[in-house]
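Engineer: This is data-v8.cif, which holds mmCIF, C-alpha atoms:
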data_run
#
loop_
_atom_site.group_PDB
_atom_site.id
_atom_site.type_symbol
_atom_site.label_atom_id
_atom_site.label_comp_id
_atom_site.auth_asym_id
_atom_site.auth_seq_id
_atom_site.Cartn_x
_atom_site.Cartn_y
_atom_site.Cartn_z
ATOM 1 C CA MET A 1 32.318 -22.126 26.175
ATOM 2 C CA VAL A 2 32.114 -18.697 24.569
ATOM 3 C CA ILE A 3 28.856 -17.168 23.311
ATOM 4 C CA GLU A 4 29.526 -14.420 20.770
ATOM 5 C CA ILE A 5 26.594 -12.051 21.037
ATOM 6 C CA LYS A 6 27.442 -10.282 17.751
ATOM 7 C CA LYS A 7 26.444 -13.461 15.916
ATOM 8 C CA PHE A 8 22.851 -12.538 16.817
ATOM 9 C CA GLY A 9 23.240 -9.027 15.382
ATOM 10 C CA GLU A 10 24.884 -5.684 16.054
ATOM 11 C CA VAL A 11 21.671 -3.864 17.040
ATOM 12 C CA LEU A 12 19.823 -5.922 19.632
ATOM 13 C CA VAL A 13 16.749 -4.118 20.906
ATOM 14 C CA SER A 14 13.489 -6.080 21.163
ATOM 15 C CA ARG A 15 12.189 -8.753 23.518
ATOM 16 C CA PRO A 16 10.829 -11.022 20.754
ATOM 17 C CA ALA A 17 14.255 -10.972 19.064
ATOM 18 C CA GLY A 18 15.931 -11.700 22.396
ATOM 19 C CA ARG A 19 13.549 -14.559 23.115
ATOM 20 C CA GLU A 20 14.254 -16.045 19.682
ATOM 21 C CA ALA A 21 18.006 -15.687 20.245
ATOM 22 C CA PHE A 22 17.765 -17.464 23.599
ATOM 23 C CA LEU A 23 15.739 -20.323 22.112
ATOM 24 C CA ALA A 24 18.253 -20.742 19.270
ATOM 25 C CA MET A 25 21.094 -20.599 21.789
ATOM 26 C CA SER A 26 19.416 -23.227 23.945
ATOM 27 C CA ALA A 27 18.924 -25.549 20.982
ATOM 28 C CA TYR A 28 22.287 -25.190 19.274
ATOM 29 C CA LEU A 29 24.859 -23.789 21.704
ATOM 30 C CA THR A 30 24.113 -24.582 25.330
ATOM 31 C CA LYS A 31 22.121 -27.803 24.959
ATOM 32 C CA GLY A 32 23.722 -30.506 27.088
ATOM 33 C CA VAL A 33 26.303 -28.155 28.569
ATOM 34 C CA SER A 34 26.929 -28.735 32.272
ATOM 35 C CA LYS A 35 25.410 -26.139 34.610
ATOM 36 C CA ASP A 36 28.868 -25.826 36.218
ATOM 37 C CA GLU A 37 30.755 -25.066 32.986
ATOM 38 C CA ILE A 38 32.213 -21.595 32.569
ATOM 39 C CA ILE A 39 30.064 -19.638 30.102
ATOM 40 C CA GLU A 40 31.793 -16.584 28.642
ATOM 41 C CA ILE A 41 29.437 -14.064 27.032
ATOM 42 C CA ASP A 42 31.422 -11.949 24.570
ATOM 43 C CA PHE A 43 29.921 -8.556 23.609
ATOM 44 C CA SER A 44 32.655 -7.517 21.168
ATOM 45 C CA GLY A 45 31.160 -6.097 17.957
ATOM 46 C CA VAL A 46 27.791 -5.266 19.537
ATOM 47 C CA LYS A 47 26.803 -1.667 18.752
ATOM 48 C CA VAL A 48 23.419 -1.286 20.422
ATOM 49 C CA LEU A 49 22.061 -3.433 23.244
ATOM 50 C CA THR A 50 18.909 -2.741 25.274
ATOM 51 C CA PRO A 51 17.558 -4.189 28.534
ATOM 52 C CA SER A 52 14.600 -5.687 26.652
ATOM 53 C CA TRP A 53 16.777 -7.907 24.443
ATOM 54 C CA ALA A 54 19.339 -8.640 27.138
ATOM 55 C CA ASP A 55 16.731 -9.517 29.766
ATOM 56 C CA GLU A 56 15.561 -12.355 27.524
ATOM 57 C CA VAL A 57 19.117 -13.629 27.017
ATOM 58 C CA ILE A 58 21.709 -12.544 29.582
ATOM 59 C CA THR A 59 19.394 -12.745 32.609
ATOM 60 C CA LYS A 60 18.223 -16.216 31.546
ATOM 61 C CA ILE A 61 21.743 -17.540 30.904
ATOM 62 C CA ALA A 62 22.782 -16.219 34.315
ATOM 63 C CA GLU A 63 19.822 -18.027 35.915
ATOM 64 C CA GLU A 64 20.669 -21.283 34.131
ATOM 65 C CA PHE A 65 24.447 -21.462 34.599
ATOM 66 C CA LYS A 66 26.502 -20.977 37.758
ATOM 67 C CA ASN A 67 29.740 -19.615 36.245
ATOM 68 C CA VAL A 68 28.962 -16.851 33.775
ATOM 69 C CA LYS A 69 31.588 -14.288 32.779
ATOM 70 C CA LEU A 70 31.029 -11.139 30.713
ATOM 71 C CA LEU A 71 33.716 -10.183 28.180
ATOM 72 C CA ASN A 72 34.338 -7.009 26.159
ATOM 73 C CA THR A 73 31.587 -4.917 27.738
ATOM 74 C CA GLU A 74 33.104 -1.521 26.817
ATOM 75 C CA ASN A 75 30.253 -0.345 24.548
ATOM 76 C CA ALA A 76 28.156 2.279 26.376
ATOM 77 C CA THR A 77 24.834 0.558 25.658
ATOM 78 C CA VAL A 78 26.214 -2.759 26.940
ATOM 79 C CA GLN A 79 27.413 -1.057 30.124
ATOM 80 C CA ALA A 80 24.117 0.793 30.613
ATOM 81 C CA THR A 81 22.032 -2.309 29.899
ATOM 82 C CA LEU A 82 23.974 -4.450 32.380
ATOM 83 C CA LYS A 83 23.556 -1.715 35.013
ATOM 84 C CA THR A 84 19.782 -1.672 34.419
ATOM 85 C CA LEU A 85 19.511 -5.471 34.591
ATOM 86 C CA ARG A 86 21.473 -5.549 37.855
ATOM 87 C CA GLU A 87 19.220 -2.871 39.320
ATOM 88 C CA TYR A 88 15.801 -3.919 38.026
ATOM 89 C CA SER A 89 16.056 -7.569 36.915
ATOM 90 C CA ASP A 90 18.161 -9.048 39.720
ATOM 91 C CA LEU A 91 21.090 -9.895 37.426
ATOM 92 C CA LYS A 92 23.825 -11.053 39.769
ATOM 93 C CA ILE A 93 26.860 -10.999 37.455
ATOM 94 C CA MET B 1 -9.756 8.887 10.911
ATOM 95 C CA THR B 2 -10.637 9.416 7.288
ATOM 96 C CA ALA B 3 -9.555 6.865 4.733
ATOM 97 C CA ILE B 4 -7.436 9.471 2.926
ATOM 98 C CA PHE B 5 -5.512 10.401 6.065
ATOM 99 C CA LYS B 6 -5.060 6.753 6.981
ATOM 100 C CA GLU B 7 -3.711 5.989 3.503
ATOM 101 C CA ALA B 8 -1.346 8.975 3.601
ATOM 102 C CA GLN B 9 -0.048 7.942 6.994
ATOM 103 C CA GLU B 10 0.506 4.341 5.996
ATOM 104 C CA LYS B 11 2.424 5.321 2.867
ATOM 105 C CA SER B 12 4.676 7.640 4.802
ATOM 106 C CA GLU B 13 8.350 6.787 5.016
ATOM 107 C CA PHE B 14 8.006 7.495 8.727
ATOM 108 C CA TYR B 15 5.299 4.900 9.320
ATOM 109 C CA CYS B 16 6.420 1.523 10.679
ATOM 110 C CA GLU B 17 3.468 -0.825 10.528
ATOM 111 C CA THR B 18 5.362 -3.710 12.135
ATOM 112 C CA ARG B 19 8.256 -4.195 14.517
ATOM 113 C CA ASP B 20 10.424 -5.554 11.672
ATOM 114 C CA VAL B 21 10.040 -2.320 9.692
ATOM 115 C CA PHE B 22 10.922 -0.325 12.809
ATOM 116 C CA GLN B 23 14.025 -2.456 13.437
ATOM 117 C CA ALA B 24 15.205 -1.969 9.827
ATOM 118 C CA ARG B 25 14.748 1.813 10.057
ATOM 119 C CA LEU B 26 16.458 1.933 13.437
ATOM 120 C CA ASP B 27 19.453 0.111 11.900
ATOM 121 C CA ARG B 28 19.439 2.628 9.038
ATOM 122 C CA MET B 29 19.294 5.576 11.452
ATOM 123 C CA LEU B 30 22.311 4.258 13.337
ATOM 124 C CA ARG B 31 24.295 3.815 10.117
ATOM 125 C CA GLU B 32 23.384 7.303 8.885
ATOM 126 C CA PHE B 33 24.278 8.990 12.178
ATOM 127 C CA LEU B 34 27.600 7.131 12.417
ATOM 128 C CA ARG B 35 28.415 7.901 8.780
ATOM 129 C CA SER B 36 27.880 11.617 9.393
ATOM 130 C CA GLY B 37 30.865 11.462 11.737
ATOM 131 C CA LYS B 38 29.702 14.539 13.631
ATOM 132 C CA ALA B 39 27.807 13.598 16.766
ATOM 133 C CA ASP B 40 29.431 11.790 19.674
ATOM 134 C CA GLU B 41 29.530 8.052 18.883
ATOM 135 C CA THR B 42 28.612 7.010 22.430
ATOM 136 C CA ASN B 43 25.569 9.300 22.348
ATOM 137 C CA ILE B 44 24.523 7.843 18.986
ATOM 138 C CA TYR B 45 24.620 4.283 20.333
ATOM 139 C CA LEU B 46 22.709 5.279 23.473
ATOM 140 C CA ALA B 47 20.145 7.321 21.523
ATOM 141 C CA SER B 48 19.552 4.284 19.282
ATOM 142 C CA ALA B 49 19.040 2.096 22.356
ATOM 143 C CA ILE B 50 16.611 4.640 23.856
ATOM 144 C CA ALA B 51 14.664 4.879 20.582
ATOM 145 C CA GLY B 52 14.665 1.080 20.366
ATOM 146 C CA GLU B 53 13.173 0.741 23.840
ATOM 147 C CA ILE B 54 10.477 3.379 23.280
ATOM 148 C CA GLY B 55 9.528 2.120 19.810
ATOM 149 C CA ASN B 56 9.375 -1.504 20.850
ATOM 150 C CA ASN B 57 7.280 -0.577 23.899
ATOM 151 C CA SER B 58 4.567 0.595 21.508
ATOM 152 C CA PHE B 59 4.437 -2.836 19.891
ATOM 153 C CA ASP B 60 4.822 -4.756 23.188
ATOM 154 C CA HIS B 61 1.908 -3.031 24.902
ATOM 155 C CA ASN B 62 -0.535 -2.673 22.008
ATOM 156 C CA LEU B 63 -0.226 -6.050 20.311
ATOM 157 C CA GLY B 64 -3.821 -7.133 19.635
ATOM 158 C CA SER B 65 -5.185 -3.962 21.277
ATOM 159 C CA TRP B 66 -4.492 -1.126 18.822
ATOM 160 C CA PRO B 67 -7.531 1.211 18.991
ATOM 161 C CA ASP B 68 -7.405 2.055 15.263
ATOM 162 C CA VAL B 69 -4.078 2.184 13.392
ATOM 163 C CA SER B 70 -1.377 -0.290 14.374
ATOM 164 C CA GLY B 71 2.297 0.601 14.266
ATOM 165 C CA ILE B 72 4.352 3.687 14.989
ATOM 166 C CA PHE B 73 5.633 6.933 13.523
ATOM 167 C CA PHE B 74 9.431 7.051 13.594
ATOM 168 C CA GLY B 75 11.299 10.074 12.295
ATOM 169 C CA TYR B 76 14.787 11.438 12.858
ATOM 170 C CA LYS B 77 17.161 14.120 11.638
ATOM 171 C CA ASN B 78 20.744 15.171 12.230
ATOM 172 C CA GLU B 79 21.316 18.826 11.398
ATOM 173 C CA ASN B 80 24.572 20.520 12.328
ATOM 174 C CA ASN B 81 25.318 17.900 14.943
ATOM 175 C CA ASN B 82 21.871 18.357 16.548
ATOM 176 C CA ILE B 83 19.999 15.069 16.562
ATOM 177 C CA GLU B 84 16.247 14.816 16.984
ATOM 178 C CA ILE B 85 14.320 11.537 17.118
ATOM 179 C CA VAL B 86 10.509 11.405 17.198
ATOM 180 C CA LEU B 87 8.406 8.343 17.967
ATOM 181 C CA ALA B 88 4.628 8.242 18.252
ATOM 182 C CA ASP B 89 1.846 5.690 18.364
ATOM 183 C CA ARG B 90 -1.956 5.651 18.392
ATOM 184 C CA GLY B 91 -2.047 2.986 21.059
ATOM 185 C CA GLN B 92 -3.811 2.698 24.391
ATOM 186 C CA GLY B 93 -1.488 5.098 26.204
ATOM 187 C CA VAL B 94 0.434 4.612 29.440
ATOM 188 C CA LEU B 95 -2.491 5.111 31.848
ATOM 189 C CA LYS B 96 -4.713 2.416 30.341
ATOM 190 C CA THR B 97 -1.764 0.017 30.058
ATOM 191 C CA LEU B 98 -0.592 0.389 33.667
ATOM 192 C CA LYS B 99 -4.026 0.683 35.295
ATOM 193 C CA LYS B 100 -4.552 -3.015 34.565
ATOM 194 C CA VAL B 101 -1.707 -3.947 36.898
ATOM 195 C CA LYS B 102 -1.890 -0.984 39.313
ATOM 196 C CA PRO B 103 -5.543 0.122 39.611
ATOM 197 C CA GLU B 104 -4.701 2.844 42.137
ATOM 198 C CA ILE B 105 -3.054 4.951 39.416
ATOM 199 C CA VAL B 106 -5.418 7.921 39.154
ATOM 200 C CA ASP B 107 -4.410 9.930 36.095
ATOM 201 C CA ASP B 108 -1.967 10.328 33.204
ATOM 202 C CA GLU B 109 0.620 12.199 35.295
ATOM 203 C CA ASP B 110 0.603 9.457 37.908
ATOM 204 C CA ALA B 111 0.906 6.839 35.153
ATOM 205 C CA LEU B 112 3.941 8.530 33.585
ATOM 206 C CA LYS B 113 5.678 8.913 36.937
ATOM 207 C CA THR B 114 5.065 5.240 37.671
ATOM 208 C CA ALA B 115 6.273 4.109 34.243
ATOM 209 C CA PHE B 116 9.551 6.008 34.456
ATOM 210 C CA THR B 117 10.404 5.370 38.106
ATOM 211 C CA GLU B 118 8.904 2.084 39.304
ATOM 212 C CA ARG B 119 9.669 -1.485 38.426
ATOM 213 C CA ILE B 120 6.308 -2.243 36.878
ATOM 214 C CA SER B 121 5.025 -3.595 33.578
ATOM 215 C CA GLY B 122 1.605 -3.580 31.962
ATOM 216 C CA ARG B 123 2.421 -7.137 30.904
ATOM 217 C CA ALA B 124 2.621 -8.615 34.391
ATOM 218 C CA PRO B 125 2.944 -11.443 35.399
ATOM 219 C CA GLU B 126 5.777 -11.417 32.849
ATOM 220 C CA LYS B 127 8.890 -10.104 34.599
ATOM 221 C CA ARG B 128 9.687 -6.974 32.639
ATOM 222 C CA GLY B 129 9.371 -3.241 33.092
ATOM 223 C CA ASN B 130 12.972 -2.067 33.034
ATOM 224 C CA GLY B 131 12.963 -0.252 29.663
ATOM 225 C CA LEU B 132 11.731 3.203 30.649
ATOM 226 C CA LYS B 133 13.986 3.242 33.719
ATOM 227 C CA PHE B 134 16.895 2.614 31.340
ATOM 228 C CA VAL B 135 15.604 5.456 29.156
ATOM 229 C CA ARG B 136 15.342 7.914 32.074
ATOM 230 C CA GLU B 137 18.728 7.119 33.581
ATOM 231 C CA ASN B 138 20.610 7.397 30.306
ATOM 232 C CA VAL B 139 18.862 10.590 29.192
ATOM 233 C CA GLU B 140 19.822 12.100 32.555
ATOM 234 C CA ASP B 141 23.386 10.726 32.564
ATOM 235 C CA ARG B 142 24.180 11.912 29.036
ATOM 236 C CA LYS B 143 22.298 15.215 29.449
ATOM 237 C CA MET B 144 20.026 14.511 26.506
ATOM 238 C CA HIS B 145 16.467 15.869 26.469
ATOM 239 C CA LEU B 146 13.335 13.734 26.317
ATOM 240 C CA LEU B 147 9.767 14.961 26.146
ATOM 241 C CA PHE B 148 7.321 12.065 26.519
ATOM 242 C CA SER B 149 3.562 12.680 26.376
ATOM 243 C CA SER B 150 0.629 10.352 26.935
ATOM 244 C CA GLY B 151 -2.978 11.363 27.574
ATOM 245 C CA ASP B 152 -3.050 14.860 29.058
ATOM 246 C CA ALA B 153 0.346 14.551 30.766
ATOM 247 C CA GLN B 154 3.966 14.933 29.790
ATOM 248 C CA ILE B 155 7.270 14.098 31.385
ATOM 249 C CA GLU B 156 10.358 16.109 30.590
ATOM 250 C CA ILE B 157 13.740 14.582 31.360
ATOM 251 C CA ASN B 158 17.019 16.408 31.113
ATOM 252 C CA ALA B 159 19.373 16.665 34.066
ATOM 253 C CA GLU B 160 16.249 16.155 36.164
ATOM 254 C CA MET B 161 12.666 14.968 35.668
ATOM 255 C CA LYS B 162 9.543 17.158 35.517
ATOM 256 C CA ILE B 163 5.986 15.913 35.180
ATOM 257 C CA GLY B 164 3.025 18.118 34.267
ATOM 258 C CA LYS B 165 0.118 18.706 31.942
ATOM 259 C CA ALA B 166 0.800 18.406 28.213
ATOM 260 C CA GLU B 167 0.043 21.316 25.901
ATOM 261 C CA THR B 168 -1.803 18.966 23.570
ATOM 262 C CA GLU B 169 -3.551 15.752 24.564
ATOM 263 C CA VAL B 170 -1.991 12.653 23.006
ATOM 264 C CA GLY B 171 -4.155 9.583 22.419
ATOM 265 C CA GLY B 172 -1.295 7.102 22.556
ATOM 266 C CA CYS B 173 2.311 8.095 23.221
ATOM 267 C CA LEU B 174 4.600 10.741 21.766
ATOM 268 C CA ALA B 175 8.332 10.902 22.460
ATOM 269 C CA VAL B 176 10.807 13.538 21.259
ATOM 270 C CA LEU B 177 14.468 12.867 22.044
ATOM 271 C CA THR B 178 17.045 15.556 21.322
ATOM 272 C CA LEU B 179 20.799 15.528 21.836
#
Show this structure as structure tokens.
Structural biologist:
Amino acid sequence: MVIEIKKFGEVLVSRPAGREAFLAMSAYLTKGVSKDEIIEIDFSGVKVLTPSWADEVITKIAEEFKNVKLLNTENATVQATLKTLREYSDLKI
Amino acid sequence: MTAIFKEAQEKSEFYCETRDVFQARLDRMLREFLRSGKADETNIYLASAIAGEIGNNSFDHNLGSWPDVSGIFFGYKNENNNIEIVLADRGQGVLKTLKKVKPEIVDDEDALKTAFTERISGRAPEKRGNGLKFVRENVEDRKMHLLFSSGDAQIEINAEMKIGKAETEVGGCLAVLTL
């Protein structure tokens, strides 16, 4: 399945907003989805992403599912955020 | 703080009493900077992310503990392709926040160094504490300039990081980002 991050906003900066996004995602998008299914996280259309928001969403999805792929990560804040999460939050993807 | 000053501050267009107001003004800043078409687009996105991290930190670490006035000051300008973003709060400051989880921190300079270089959060046991590392690395990588003051200390980040005494003591936190 594909999760389009832009559907949660173009400027994604705070932890409370990230936590809310993850809860909504868990209730409406990923509920009942097999832990082995390929989850594609699509960042196209995202303008500003921070480690605070992404740590509540991307890190948690990566902990929950075994096959997570990241798509369209060209935006500089997406790149920088993923680098920070890999370095400081043990993100493995 | 006198009632008149408090009222003036709260009516200011720069005052964000809640996180929602800050988010709305951050969105507006991004739109205005992009519309100007002058500054580098990548720098604008990264500067917005840096401002977002610093501004939200104020709310994250002072929720329920604001000493007097809750919320933050958030101002910005773009003149002749020179962008300046200012964020400030009247919160507890970095030292008081981090001393709860790392009692061996001795002073404001030590607290700032810890905040910007170590994986630590005043909100332990929650696993967080990556925001200011993100701020430091991207300010350095993009050769922006950040002056961040808290208590009697300041940290200056450009191509490298310098920590020292601040010219003026800051009760909470003050950040000035230029690019």
Engineer: When you get a sec, could you note down which chain A residues fall within 7 Å of chain B, using only C-alpha atoms, as a PyMOL selection string?
Structural biologist: chain A and resi 11+13-14+47-52+76-77+84+88
Engineer: List as a PyMOL selection string the protein and nucleic acid residues near region 6-9 of chain A, meaning an atom at most 12 Å away when all atoms listed in the file are counted, but skip any in the same chain fewer than 6 places from it.
Structural biologist: (chain A and resi 17-25+29+41-49+53-54+57+72+78) or (chain B and resi 23+27)
Engineer: Restricting it to C-alpha atoms, dump the selection as an mmCIF file, in the frame of the given file.
Structural biologist:
data_model
loop_
_atom_site.group_PDB
_atom_site.id
_atom_site.type_symbol
_atom_site.label_atom_id
_atom_site.label_comp_id
_atom_site.auth_asym_id
_atom_site.auth_seq_id
_atom_site.Cartn_x
_atom_site.Cartn_y
_atom_site.Cartn_z
ATOM 1 C CA ALA A 17 14.255 -10.972 19.064
ATOM 2 C CA GLY A 18 15.931 -11.700 22.396
ATOM 3 C CA ARG A 19 13.549 -14.559 23.115
ATOM 4 C CA GLU A 20 14.254 -16.045 19.682
ATOM 5 C CA ALA A 21 18.006 -15.687 20.245
ATOM 6 C CA PHE A 22 17.765 -17.464 23.599
ATOM 7 C CA LEU A 23 15.739 -20.323 22.112
ATOM 8 C CA ALA A 24 18.253 -20.742 19.270
ATOM 9 C CA MET A 25 21.094 -20.599 21.789
ATOM 10 C CA LEU A 29 24.859 -23.789 21.704
ATOM 11 C CA ILE A 41 29.437 -14.064 27.032
ATOM 12 C CA ASP A 42 31.422 -11.949 24.570
ATOM 13 C CA PHE A 43 29.921 -8.556 23.609
ATOM 14 C CA SER A 44 32.655 -7.517 21.168
ATOM 15 C CA GLY A 45 31.160 -6.097 17.957
ATOM 16 C CA VAL A 46 27.791 -5.266 19.537
ATOM 17 C CA LYS A 47 26.803 -1.667 18.752
ATOM 18 C CA VAL A 48 23.419 -1.286 20.422
ATOM 19 C CA LEU A 49 22.061 -3.433 23.244
ATOM 20 C CA TRP A 53 16.777 -7.907 24.443
ATOM 21 C CA ALA A 54 19.339 -8.640 27.138
ATOM 22 C CA VAL A 57 19.117 -13.629 27.017
ATOM 23 C CA ASN A 72 34.338 -7.009 26.159
ATOM 24 C CA VAL A 78 26.214 -2.759 26.940
ATOM 25 C CA GLN B 23 14.025 -2.456 13.437
ATOM 26 C CA ASP B 27 19.453 0.111 11.900
#
Engineer: At what distance in Å, to one decimal, does CA of Leu87 (chain B) lie from CA of Asp110 (chain B)?
Structural biologist: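 These atoms are spaced 21.4 Å apart.
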Engineer: At a cut-off of 12 Å, using all atoms listed in the file, what residues contact Glu84 (chain B)? Leave out same-chain residues fewer than 2 positions from it and give the result as a list in words.
Structural biologist: Met29, Phe33, Ala39, Ile44, Ala47, Ser48, Ala51, Phe74, Gly75, Tyr76, Lys77, Asn78, Glu79, Asn80, Asn81, Asn82, Val86, Leu87, Met144, His145, Leu146, Leu147, Ala175, Val176, Leu177, Thr178 and Leu179 of chain B
Engineer: With all atoms listed in the file as the counted atoms, please give the residues lying no more than 10 Å from Val2 (chain A), apart from itself and same-chain residues fewer than 2 positions off, as a list in words.
Structural biologist: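 The residues satisfying every condition are Glu4, Ile5, Leu29, Thr30, Ile38, Ile39, Glu40, Ile41, Asp42, Val68, Lys69, Leu70 and Leu71 of chain A.
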Engineer: Run the PyMOL selection byres ((chain A and resi 34) around 12) against the file shown and list the residues it catches, as a list in words.
Structural biologist: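 Selected by the PyMOL selection byres ((chain A and resi 34) around 12) in this file: Met1, Leu29, Thr30, Lys31, Gly32, Val33, Lys35, Asp36, Glu37, Ile38, Ile39, Glu64, Phe65, Lys66 and Asn67 of chain A.
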Engineer: To one decimal in Å, tell me the separation between CA of Ala115 (chain B) and CA of Lys165 (chain B).
Structural biologist: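 Calculated distance between CA of Ala115 (chain B) and CA of Lys165 (chain B) is 16.0 Å.
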Engineer: Output, as JSON, the centre and edge lengths in Å (one decimal) of the axis-aligned box that contains all listed atoms of region 164-169 of chain B with 5 Å of margin on each side.
Structural biologist:
{"center_x": -0.3, "center_y": 18.5, "center_z": 28.9, "size_x": 16.6, "size_y": 15.6, "size_z": 20.7}
